[in-house]
>>> print(open('my_file_18.cif').read())   # mmCIF, C-alpha atoms
data_model
loop_
_atom_site.label_atom_id
_atom_site.label_comp_id
_atom_site.auth_asym_id
_atom_site.auth_seq_id
_atom_site.Cartn_x
_atom_site.Cartn_y
_atom_site.Cartn_z
CA MET J 1 119.70 48.66 136.25
CA ASP J 2 118.63 51.47 138.51
CA ALA J 3 115.02 52.30 137.75
CA HIS J 4 115.88 55.99 137.59
CA ARG J 5 118.69 55.56 135.14
CA LEU J 6 117.59 57.06 131.86
CA ARG J 7 117.64 54.92 128.75
CA VAL J 8 119.10 57.09 126.02
CA ALA J 9 119.00 56.23 122.31
CA HIS J 10 121.45 58.07 120.09
CA TYR J 11 121.37 58.78 116.35
CA ILE J 12 124.57 59.56 114.40
CA ASN J 13 125.71 59.61 110.78
CA GLN J 14 128.37 57.50 109.08
CA PHE J 15 131.05 60.10 109.67
CA PHE J 16 130.64 60.33 113.43
CA ALA J 17 130.32 56.55 113.63
CA GLY J 18 133.79 56.31 112.14
CA ILE J 19 132.58 54.46 109.04
CA GLY J 20 133.72 57.06 106.53
CA GLY J 21 133.01 60.36 104.83
CA GLU J 22 131.14 61.19 101.65
CA GLU J 23 132.23 57.91 100.04
CA ARG J 24 130.20 56.10 102.70
CA ALA J 25 127.23 58.48 102.78
CA GLU J 26 125.04 55.74 101.31
CA THR J 27 125.51 53.54 104.40
CA PRO J 28 122.10 52.01 105.24
CA PRO J 29 120.64 52.40 108.72
CA ALA J 30 122.10 50.02 111.30
CA VAL J 31 121.69 49.66 115.05
CA LYS J 32 124.48 49.02 117.55
CA ASP J 33 124.23 48.31 121.25
CA GLY J 34 125.64 50.95 123.54
CA PRO J 35 127.34 54.23 122.64
CA ALA J 36 129.43 54.95 119.55
CA GLY J 37 131.38 58.01 118.42
CA PRO J 38 130.16 61.11 120.28
CA GLY J 39 127.84 58.77 122.19
CA ARG J 40 130.83 57.90 124.36
CA ALA J 41 131.17 61.54 125.39
CA ILE J 42 127.41 61.62 126.00
CA GLN J 43 127.77 58.55 128.20
CA ALA J 44 130.57 60.22 130.14
CA ALA J 45 128.49 63.38 130.60
CA LEU J 46 125.45 61.36 131.70
CA GLY J 47 127.44 59.53 134.35
CA PRO J 48 125.14 57.62 136.70
CA ARG J 49 122.09 59.54 135.43
CA GLY J 50 121.67 57.40 132.36
CA ALA J 51 123.02 55.03 129.76
CA VAL J 52 123.28 55.25 126.00
CA VAL J 53 121.63 51.90 125.40
CA SER J 54 121.53 51.92 121.62
CA THR J 55 122.93 53.83 118.65
CA MET J 56 121.51 54.07 115.16
CA VAL J 57 123.93 54.92 112.38
CA CYS J 58 122.85 55.93 108.91
CA GLY J 59 124.62 57.53 105.96
CA ASP J 60 123.55 61.13 105.33
CA SER J 61 122.73 60.63 101.65
CA ARG J 62 120.95 57.38 102.37
CA PHE J 63 118.73 59.00 105.00
CA ASN J 64 117.82 61.98 102.83
CA GLU J 65 117.38 60.15 99.55
CA GLN J 66 115.27 57.36 101.04
CA ILE J 67 113.62 59.39 103.75
CA ASP J 68 110.54 57.19 104.07
CA ALA J 69 112.55 54.00 104.44
CA ALA J 70 114.94 55.71 106.86
CA GLY J 71 111.98 56.96 108.86
CA ASP J 72 110.60 53.41 109.03
CA ALA J 73 113.96 52.17 110.32
CA VAL J 74 114.03 54.90 112.97
CA ARG J 75 110.47 54.11 114.00
CA ALA J 76 111.26 50.38 114.31
CA TRP J 77 114.43 51.14 116.27
CA LEU J 78 112.71 53.44 118.75
CA GLY J 79 109.75 51.09 119.02
CA ALA J 80 112.06 48.23 119.95
CA GLN J 81 114.27 50.22 122.33
CA ARG J 82 111.56 52.32 124.03
CA PRO J 83 114.17 54.82 125.30
CA ASP J 84 113.30 57.56 127.80
CA VAL J 85 114.91 60.13 125.55
CA VAL J 86 116.53 60.36 122.12
CA ILE J 87 119.63 62.39 121.31
CA ALA J 88 120.35 63.02 117.63
CA GLY J 89 123.68 64.34 116.42
CA PRO J 90 124.74 67.07 117.04
CA ALA J 91 124.87 67.88 113.34
CA PHE J 92 126.66 71.29 113.46
CA ALA J 93 126.37 72.90 110.00
CA ALA J 94 125.93 69.65 108.02
CA GLY J 95 122.64 70.04 106.14
CA ARG J 96 121.77 66.43 105.35
CA TYR J 97 122.81 65.31 108.82
CA GLY J 98 120.77 68.16 110.30
CA ARG J 99 117.72 67.11 108.38
CA ALA J 100 118.17 63.50 109.50
CA CYS J 101 118.53 64.56 113.14
CA VAL J 102 115.42 66.72 113.01
CA GLU J 103 113.51 63.91 111.31
CA VAL J 104 114.57 61.53 114.12
CA CYS J 105 113.25 64.09 116.62
CA ARG J 106 109.96 64.32 114.74
CA ILE J 107 109.49 60.56 114.68
CA ALA J 108 110.37 60.30 118.37
CA ALA J 109 107.76 62.97 119.13
CA ASP J 110 105.19 60.97 117.14
CA LEU J 111 105.99 58.00 119.36
CA GLY J 112 105.70 60.12 122.51
CA ILE J 113 109.43 59.99 123.20
CA PRO J 114 111.18 63.28 124.00
CA ALA J 115 114.17 64.09 121.81
CA VAL J 116 116.89 66.69 121.54
CA THR J 117 119.43 67.49 118.86
CA GLY J 118 122.01 70.18 118.24
CA MET J 119 123.03 72.10 115.15
CA HIS J 120 124.16 75.45 113.86
CA PRO J 121 121.25 77.94 113.80
CA GLU J 122 121.58 78.22 110.00
CA ASN J 123 121.43 74.47 109.38
CA PRO J 124 118.60 73.99 106.84
CA GLY J 125 117.48 70.92 108.78
CA LEU J 126 115.96 73.30 111.29
CA LEU J 127 113.35 74.35 108.76
CA MET J 128 111.93 70.83 108.52
CA TYR J 129 110.49 70.59 112.01
CA ARG J 130 110.61 73.66 114.11
CA GLU J 131 109.08 72.03 117.20
CA ALA J 132 112.21 69.95 117.81
CA TYR J 133 114.37 70.77 120.81
CA VAL J 134 117.51 72.01 119.07
CA VAL J 135 120.53 73.29 120.94
CA PRO J 136 122.50 75.86 118.91
CA THR J 137 126.04 74.70 118.18
CA ALA J 138 129.13 75.90 116.43
CA GLY J 139 129.49 75.27 112.71
CA SER J 140 131.88 72.35 113.09
CA ALA J 141 132.63 69.40 115.35
CA ALA J 142 135.20 71.57 117.12
CA GLY J 143 132.18 72.70 119.13
CA MET J 144 131.30 69.17 120.27
CA GLY J 145 132.17 69.78 123.93
CA ALA J 146 130.02 72.88 124.26
CA ALA J 147 127.20 71.25 122.28
CA LEU J 148 127.05 68.18 124.50
CA GLY J 149 127.36 70.43 127.54
CA ALA J 150 123.97 71.88 126.58
CA ILE J 151 122.37 68.80 125.01
CA VAL J 152 122.93 66.33 127.85
CA PRO J 153 121.33 68.38 130.68
CA LEU J 154 118.35 69.13 128.44
CA ALA J 155 118.07 65.45 127.50
CA CYS J 156 118.11 64.48 131.19
CA LYS J 157 115.34 66.94 131.94
CA LEU J 158 113.24 65.80 128.99
CA GLY J 159 113.89 62.12 129.69
CA ALA J 160 112.83 62.52 133.33
CA ARG J 161 109.71 64.36 132.10
CA LEU J 162 110.64 67.37 134.17
CA PRO J 163 109.18 70.70 133.09
CA VAL J 164 111.35 72.45 130.54
CA GLY J 165 111.56 76.23 130.70
CA ALA J 166 111.66 78.84 127.98
CA ALA J 167 114.16 78.53 125.13
CA GLU J 168 116.31 81.43 126.28
CA ASP J 169 116.54 80.01 129.82
CA GLU J 170 117.23 76.41 128.84
CA GLY J 171 119.58 77.13 125.96
CA TYR J 172 117.66 75.66 123.02
CA LEU J 173 116.47 77.46 119.91
CA PRO J 174 112.96 78.97 120.06
CA ARG J 175 110.39 76.42 118.90
CA GLY J 176 107.68 78.89 118.03
CA ILE J 177 105.59 77.78 121.00
CA ARG J 178 104.02 80.17 123.46
CA ARG J 179 102.92 78.96 126.85
CA PRO J 180 100.41 81.00 128.79
CA GLY J 181 101.67 82.00 132.20
CA MET J 182 101.76 84.74 134.78
CA ARG J 183 104.55 87.27 135.12
CA ALA J 184 105.24 89.24 138.24
CA LEU J 185 104.50 92.57 136.56
CA PRO J 186 101.74 93.50 134.12
CA GLY J 187 102.56 93.94 130.42
CA ALA J 188 102.29 97.73 130.43
CA ARG J 189 104.81 97.97 133.25
CA ARG J 190 107.20 95.55 131.56
CA ALA J 191 106.92 97.45 128.28
CA VAL J 192 107.70 100.78 129.94
CA ASP J 193 110.61 99.21 131.85
CA MET J 194 111.99 97.91 128.57
CA LEU J 195 111.56 101.30 126.91
CA VAL J 196 113.30 103.07 129.79
CA ALA J 197 116.17 100.55 129.64
CA LYS J 198 116.43 100.98 125.87
CA LEU J 199 116.44 104.78 126.08
CA GLY J 200 119.07 104.57 128.80
CA GLY J 201 121.25 102.31 126.67
CA LYS J 202 120.82 99.47 129.18
CA PRO J 203 120.31 95.82 128.23
CA PHE J 204 116.76 94.50 128.06
CA ARG J 205 115.16 91.34 126.77
CA THR J 206 112.32 91.67 124.30
CA GLU J 207 109.31 89.40 124.79
CA LEU J 208 108.51 89.45 121.09
CA PRO J 209 111.60 89.02 118.92
CA VAL J 210 111.10 90.09 115.32
CA GLU J 211 112.78 88.00 112.67
CA GLY J 212 115.10 90.19 110.68
CA TYR J 213 114.69 90.76 106.97
CA GLU J 214 117.70 90.58 104.74
CA ALA J 215 118.48 93.53 102.51
CA VAL J 216 117.83 92.50 98.91
CA ALA J 217 119.95 94.15 96.23
CA PRO J 218 117.62 95.67 93.61
CA ALA J 219 117.50 93.77 90.34
CA PRO J 220 118.51 95.81 87.29
CA PRO J 221 115.54 97.26 85.42
CA VAL J 222 113.94 95.39 82.53
CA ALA J 223 115.90 96.89 79.66
CA ASP J 224 113.43 96.51 76.80
CA LEU J 225 109.89 96.15 78.06
CA PRO J 226 108.28 95.75 74.60
CA ARG J 227 110.43 92.64 74.13
CA ALA J 228 110.08 91.31 77.67
CA THR J 229 108.25 88.26 79.00
CA ILE J 230 106.35 89.12 82.17
CA ALA J 231 105.04 86.69 84.78
CA VAL J 232 102.52 87.30 87.52
CA VAL J 233 102.73 85.87 91.04
CA THR J 234 100.43 86.44 94.00
CA THR J 235 100.28 85.69 97.69
CA GLY J 236 96.51 86.05 97.34
CA ALA J 237 95.62 82.34 97.12
CA ILE J 238 93.87 82.55 93.74
CA VAL J 239 93.25 78.94 92.75
CA PRO J 240 91.20 76.96 90.23
CA LYS J 241 87.63 76.60 91.47
CA GLY J 242 87.36 73.81 94.02
CA ASN J 243 90.96 74.33 95.17
CA PRO J 244 92.21 71.03 93.68
CA ASP J 245 95.60 71.20 95.44
CA HIS J 246 94.09 72.10 98.80
CA LEU J 247 95.98 75.35 99.19
CA LYS J 248 95.54 76.28 102.84
CA ARG J 249 93.68 79.37 104.04
CA CYS J 250 96.57 80.21 106.36
CA SER J 251 99.95 78.88 107.50
CA GLU J 252 100.63 77.49 104.02
CA THR J 253 104.08 76.04 103.47
CA ARG J 254 103.89 75.54 99.68
CA TRP J 255 103.18 77.38 96.45
CA GLN J 256 101.35 76.29 93.32
CA ARG J 257 101.63 76.94 89.60
CA TYR J 258 98.53 77.20 87.43
CA GLU J 259 98.09 77.64 83.69
CA LEU J 260 96.85 80.83 82.02
CA GLU J 261 97.20 79.80 78.41
CA GLY J 262 94.23 80.79 76.25
CA ARG J 263 92.64 82.90 79.00
CA THR J 264 91.98 86.61 78.61
CA ARG J 265 90.65 87.06 82.15
CA LEU J 266 90.01 85.00 85.27
CA SER J 267 86.36 84.05 85.49
CA ALA J 268 84.60 83.37 88.77
CA ASP J 269 83.35 80.12 87.23
CA GLU J 270 86.89 78.81 86.94
CA PHE J 271 88.86 80.49 89.73
CA GLU J 272 88.34 81.50 93.32
CA CYS J 273 90.19 83.03 96.24
CA VAL J 274 90.83 80.80 99.29
CA HIS J 275 92.88 83.27 101.31
CA GLY J 276 91.74 83.14 104.95
CA GLY J 277 93.34 86.38 106.08
CA PHE J 278 90.93 88.84 104.50
CA TYR J 279 87.34 89.04 103.29
CA ASN J 280 87.77 87.06 100.08
CA VAL J 281 84.32 87.31 98.51
CA PRO J 282 85.21 90.22 96.18
CA ALA J 283 88.27 88.30 94.95
CA SER J 284 86.20 85.16 94.40
CA GLU J 285 83.53 87.13 92.51
CA ASN J 286 86.19 88.68 90.29
CA PRO J 287 89.63 87.07 90.72
CA ASN J 288 91.12 89.75 88.42
CA VAL J 289 91.03 92.19 91.34
CA VAL J 290 93.85 90.15 92.86
CA LEU J 291 95.44 88.55 89.80
CA PRO J 292 94.98 91.24 87.11
CA LEU J 293 94.94 88.93 84.10
CA ASP J 294 92.48 91.05 82.10
CA ALA J 295 94.66 94.15 82.40
CA LEU J 296 97.84 92.20 81.68
CA ARG J 297 96.30 90.73 78.52
CA GLU J 298 95.14 94.14 77.36
CA LEU J 299 98.60 95.63 77.85
CA GLU J 300 100.18 92.59 76.19
CA ARG J 301 97.87 93.12 73.21
CA ARG J 302 98.84 96.79 73.04
CA GLY J 303 102.51 95.88 73.03
CA ALA J 304 103.40 97.36 76.43
CA PHE J 305 105.39 94.16 76.86
CA ALA J 306 105.99 91.22 74.54
CA ARG J 307 104.38 88.26 76.24
CA LEU J 308 102.69 87.19 79.44
CA ALA J 309 103.94 83.86 80.80
CA ASP J 310 101.40 81.09 80.28
CA PHE J 311 101.16 80.41 84.00
CA TYR J 312 101.01 82.11 87.37
CA CYS J 313 102.24 81.12 90.82
CA THR J 314 100.37 81.52 94.07
CA THR J 315 100.65 80.80 97.75
CA THR J 316 98.67 81.98 100.76
CA GLY J 317 100.37 84.97 102.34
CA ASN J 318 98.69 84.54 105.68
CA ASP J 319 100.58 83.55 108.82
CA GLN J 320 103.20 81.90 106.66
CA ARG J 321 106.38 81.14 108.56
CA PHE J 322 109.28 83.35 107.59
CA ALA J 323 111.40 80.35 106.67
CA ASP J 324 108.65 79.05 104.36
CA CYS J 325 108.29 82.50 102.78
CA VAL J 326 112.00 82.56 102.02
CA ARG J 327 112.02 79.05 100.60
CA ASN J 328 108.87 79.59 98.52
CA GLY J 329 110.35 82.82 97.16
CA LYS J 330 113.57 81.08 96.19
CA GLU J 331 111.76 78.18 94.55
CA ILE J 332 109.45 80.45 92.57
CA ALA J 333 112.36 82.67 91.51
CA GLU J 334 114.35 79.65 90.35
CA MET J 335 111.44 78.37 88.31
CA LEU J 336 110.86 81.81 86.76
CA TRP J 337 114.56 82.02 85.95
CA GLN J 338 114.40 78.67 84.18
CA GLU J 339 111.33 79.82 82.25
CA ARG J 340 113.40 82.85 81.09
CA ILE J 341 111.01 85.41 82.56
CA ASP J 342 112.32 88.98 82.31
CA GLY J 343 110.12 90.70 84.87
CA VAL J 344 107.64 89.71 87.57
CA LEU J 345 104.61 91.44 88.97
CA LEU J 346 103.95 90.22 92.52
CA VAL J 347 100.54 91.07 93.90
CA ALA J 348 100.76 90.91 97.68
CA THR J 349 97.49 90.76 99.57
CA MET N 1 110.19 92.25 90.35
CA ALA N 2 107.62 94.86 91.26
CA VAL N 3 105.28 94.34 94.19
CA VAL N 4 101.72 95.63 94.14
CA SER N 5 100.68 96.00 97.76
CA ALA N 6 97.89 97.69 99.66
CA LEU N 7 100.46 98.25 102.43
CA PRO N 8 103.62 99.61 100.76
CA PRO N 9 105.43 100.43 104.03
CA LEU N 10 105.29 96.74 104.97
CA ALA N 11 106.52 95.62 101.55
CA MET N 12 109.35 98.17 101.66
CA GLN N 13 110.30 97.23 105.20
CA ALA N 14 110.51 93.62 104.04
CA GLY N 15 113.00 94.70 101.38
CA ALA N 16 110.87 94.92 98.22
CA ASN N 17 112.67 97.39 95.98
CA ARG N 18 109.90 98.31 93.53
CA VAL N 19 106.58 98.86 95.21
CA VAL N 20 103.28 100.02 93.72
CA GLN N 21 100.42 101.21 95.90
CA GLY N 22 97.47 98.85 95.46
CA VAL N 23 93.83 99.64 96.19
CA LYS N 24 92.90 97.55 99.25
CA ILE N 25 94.04 94.30 100.82
CA GLU N 26 90.85 92.52 99.68
CA HIS N 27 91.15 93.82 96.11
CA VAL N 28 94.68 95.01 95.57
CA CYS N 29 94.23 95.36 91.81
CA GLY N 30 90.81 96.90 91.43
CA ASP N 31 87.73 98.26 93.10
CA PRO N 32 84.58 96.15 92.87
CA ALA N 33 82.55 99.13 94.17
CA LEU N 34 83.17 100.92 90.86
CA PRO N 35 81.35 100.20 87.60
CA ALA N 36 83.12 97.43 85.69
CA GLU N 37 84.70 99.79 83.20
CA GLU N 38 86.21 102.07 85.85
CA ASP N 39 87.34 99.05 87.88
CA GLY N 40 89.12 97.80 84.76
CA GLU N 41 90.71 101.22 84.29
CA VAL N 42 92.02 101.21 87.88
CA ARG N 43 93.49 97.77 87.27
CA ARG N 44 95.08 98.70 83.95
CA ARG N 45 96.68 101.79 85.48
CA LEU N 46 98.04 99.72 88.36
CA VAL N 47 99.59 97.16 86.03
CA GLU N 48 101.05 99.96 83.91
CA ARG N 49 102.60 101.42 87.02
CA GLY N 50 104.03 98.00 87.86
CA LEU N 51 105.54 97.74 84.38
CA ARG N 52 106.98 101.23 84.71
CA ALA N 53 108.52 100.20 88.04
CA LEU N 54 110.07 97.12 86.40
CA ALA N 55 111.69 99.30 83.74
CA THR N 56 113.06 101.82 86.25
CA ALA N 57 116.45 101.55 87.93
CA VAL N 58 116.25 101.82 91.72
CA GLU N 59 118.85 101.73 94.46
CA ARG N 60 116.64 101.10 97.45
CA PRO N 61 113.00 100.27 98.27
CA THR N 62 111.07 102.77 96.16
CA LEU N 63 107.38 103.56 95.98
CA PHE N 64 105.95 104.21 92.53
CA GLU N 65 103.18 106.76 92.90
CA ASP N 66 99.83 106.76 91.17
CA ALA N 67 100.34 106.84 87.40
CA GLY N 68 97.27 109.06 86.99
CA ALA N 69 98.64 111.61 89.43
CA ALA N 70 102.02 111.49 87.72
CA ALA N 71 100.36 111.96 84.31
CA ALA N 72 98.33 114.88 85.64
CA ALA N 73 101.52 116.47 86.95
CA ARG N 74 103.19 116.25 83.55
#
>>> encode(input="my_file_18.cif", output="structure tokens")
Amino acid sequence: MDAHRLRVAHYINQFFAGIGGEERAETPPAVKDGPAGPGRAIQAALGPRGAVVSTMVCGDSRFNEQIDAAGDAVRAWLGAQRPDVVIAGPAFAAGRYGRACVEVCRIAADLGIPAVTGMHPENPGLLMYREAYVVPTAGSAAGMGAALGAIVPLACKLGARLPVGAAEDEGYLPRGIRRPGMRALPGARRAVDMLVAKLGGKPFRTELPVEGYEAVAPAPPVADLPRATIAVVTTGAIVPKGNPDHLKRCSETRWQRYELEGRTRLSADEFECVHGGFYNVPASENPNVVLPLDALRELERRGAFARLADFYCTTTGNDQRFADCVRNGKEIAEMLWQERIDGVLLVAT
Amino acid sequence: MAVVSALPPLAMQAGANRVVQGVKIEHVCGDPALPAEEDGEVRRRLVERGLRALATAVERPTLFEDAGAAAAAR
């Protein structure tokens, strides 16, 4: 084989391998020589530049439900094949497949092998590993041609270890990585040029895209406060002393639930603030200034509301990725719903 | 849900519909510079305002002003 011919390893699910649909989603990981399914189109697009030397197939449910075992299989496969580049999917809008593809990319990166996948920008798999090279695709396999048209050139570049440009130039989704570099014009000049273009109704390209917030329909008011159960939640990283769950000072991805039963206030002997985004000594000396348990208990006693939930939830609202914020919010809301909480006080630091 | 925030414009921009002005980022629900009793009073008033927000129908992000000021106005 030509020394410059790229060795490409390809990951696909049971559906694209032609094994079957949902009824075969438990298919265990298996390796085949050469291309299979969309791998044949990848091979055609590669032409003399490379060869799809090996394909791993795994059922979507199998991969997601036994993610550690699936990861081991992927690791063993890539270790044995030592490809120059890995292509996973594309997964389009399929969530489990998307997660599997992103996981394959993560494992490849751990092994020092570049990888690229493709999926719809709203595929939840994207949230699992943002650093993956992900080409945006249509929502269904009808977009296979366009997807491979973007994936294959990027895979060739990555496999040849050529420098890869910015997301918007190369056609992959932003990975949240900033590379220092020089631009022809200073920032002030670029900013004014952008402003002038904007005011003139001309197109311009922002250098700092802001992730959009969704409009949230207001919840109806709590109808009968004296009969309501109220819960308290904070982004202020108030944790039991010693931070037993290792809540991070910043960039946290999780949230925690802690008990309040039998407590009338938060004492500095038992709780502390581990938020790294503000001066947290006052909140560690008196955690009630962030999580107002003493006031809530007093108002509960006076009958302002019926009952305070016996727990609170916290995360660290400091440099938390938007996607994690959204997921944490959903998870906390679901839990509060199950606990039949009527109203929530969220203290945002 | 009502949000107590030291930065209500941010909370409202992010789509929070019931927002209560907190004291400061470092101590949203109180003021450690005050004597303990007054600090507790600040905190109680804030929580009351949050409860009032929860019981109030809103159509869009709405700031609930200081309960003390509102009481004084009545």
>>> interface_residues(input="my_file_18.cif", of="chain J", to="chain N", cutoff="10 Å", atoms="all atoms listed in the file", output="JSON, numbers by chain")
{"J": [212, 213, 214, 215, 216, 217, 218, 219, 220, 221, 222, 223, 224, 225, 230, 231, 232, 233, 234, 236, 275, 277, 278, 279, 280, 281, 282, 283, 285, 286, 287, 288, 289, 290, 291, 292, 293, 294, 295, 296, 297, 298, 299, 304, 305, 333, 342, 343, 344, 345, 346, 347, 348, 349]}
>>> resolve_selection(input="my_file_18.cif", expression="the PyMOL selection byres ((chain J and resi 116-125) around 6)", output="VMD selection string")
chain J and resid 87 to 93 95 98 to 99 115 126 to 128 133 to 139
>>> atom_distance(input="my_file_18.cif", atom1="CA of Ala44 in chain J", atom2="CA of Leu173 in chain J")
24.5 Å
>>> residues_around(input="my_file_18.cif", residues="Ile42 in chain J", least_positions_apart="3", cutoff="7 Å", atoms="only C-alpha atoms", output="PDB file with C-alpha atoms, in the coordinates of the input")
ATOM      1  CA  PRO J  38     130.160  61.110 120.280  1.00  0.00           C
ATOM      2  CA  GLY J  39     127.840  58.770 122.190  1.00  0.00           C
ATOM      3  CA  ALA J  45     128.490  63.380 130.600  1.00  0.00           C
ATOM      4  CA  LEU J  46     125.450  61.360 131.700  1.00  0.00           C
ATOM      5  CA  LEU J 148     127.050  68.180 124.500  1.00  0.00           C
ATOM      6  CA  VAL J 152     122.930  66.330 127.850  1.00  0.00           C
TER       7      VAL J 152
END
>>> resolve_selection(input="my_file_18.cif", expression="the PyMOL selection byres ((chain J and resi 331) around 12)", output="PyMOL selection string")
chain J and resi 253-257+313-315+324-330+332-338
>>> resolve_selection(input="my_file_18.cif", expression="the PyMOL selection byres ((chain J and resi 7) around 9)", output="ChimeraX atom specification")
/J:5-6,8-9,50-54,81-86,159
>>> atom_distance(input="my_file_18.cif", atom1="CA of Gly242 in chain J", atom2="CA of Gln320 in chain J")
21.8 Å
>>> atom_distance(input="my_file_18.cif", atom1="CA of Tyr312 in chain J", atom2="CA of Glu259 in chain J")
6.5 Å
>>> axis_aligned_box(input="my_file_18.cif", around="range 13-30 of chain N", padding_each_side="8 Å", output="JSON")
{"center_x": 101.9, "center_y": 96.9, "center_z": 98.3, "size_x": 38.2, "size_y": 24.7, "size_z": 29.8}
>>> closest_residue(input="my_file_18.cif", among="J:Trp77, J:Tyr11, J:Tyr129, J:Phe63", to="Ala323 in chain J", atoms="all atoms listed in the file")
J:Tyr129
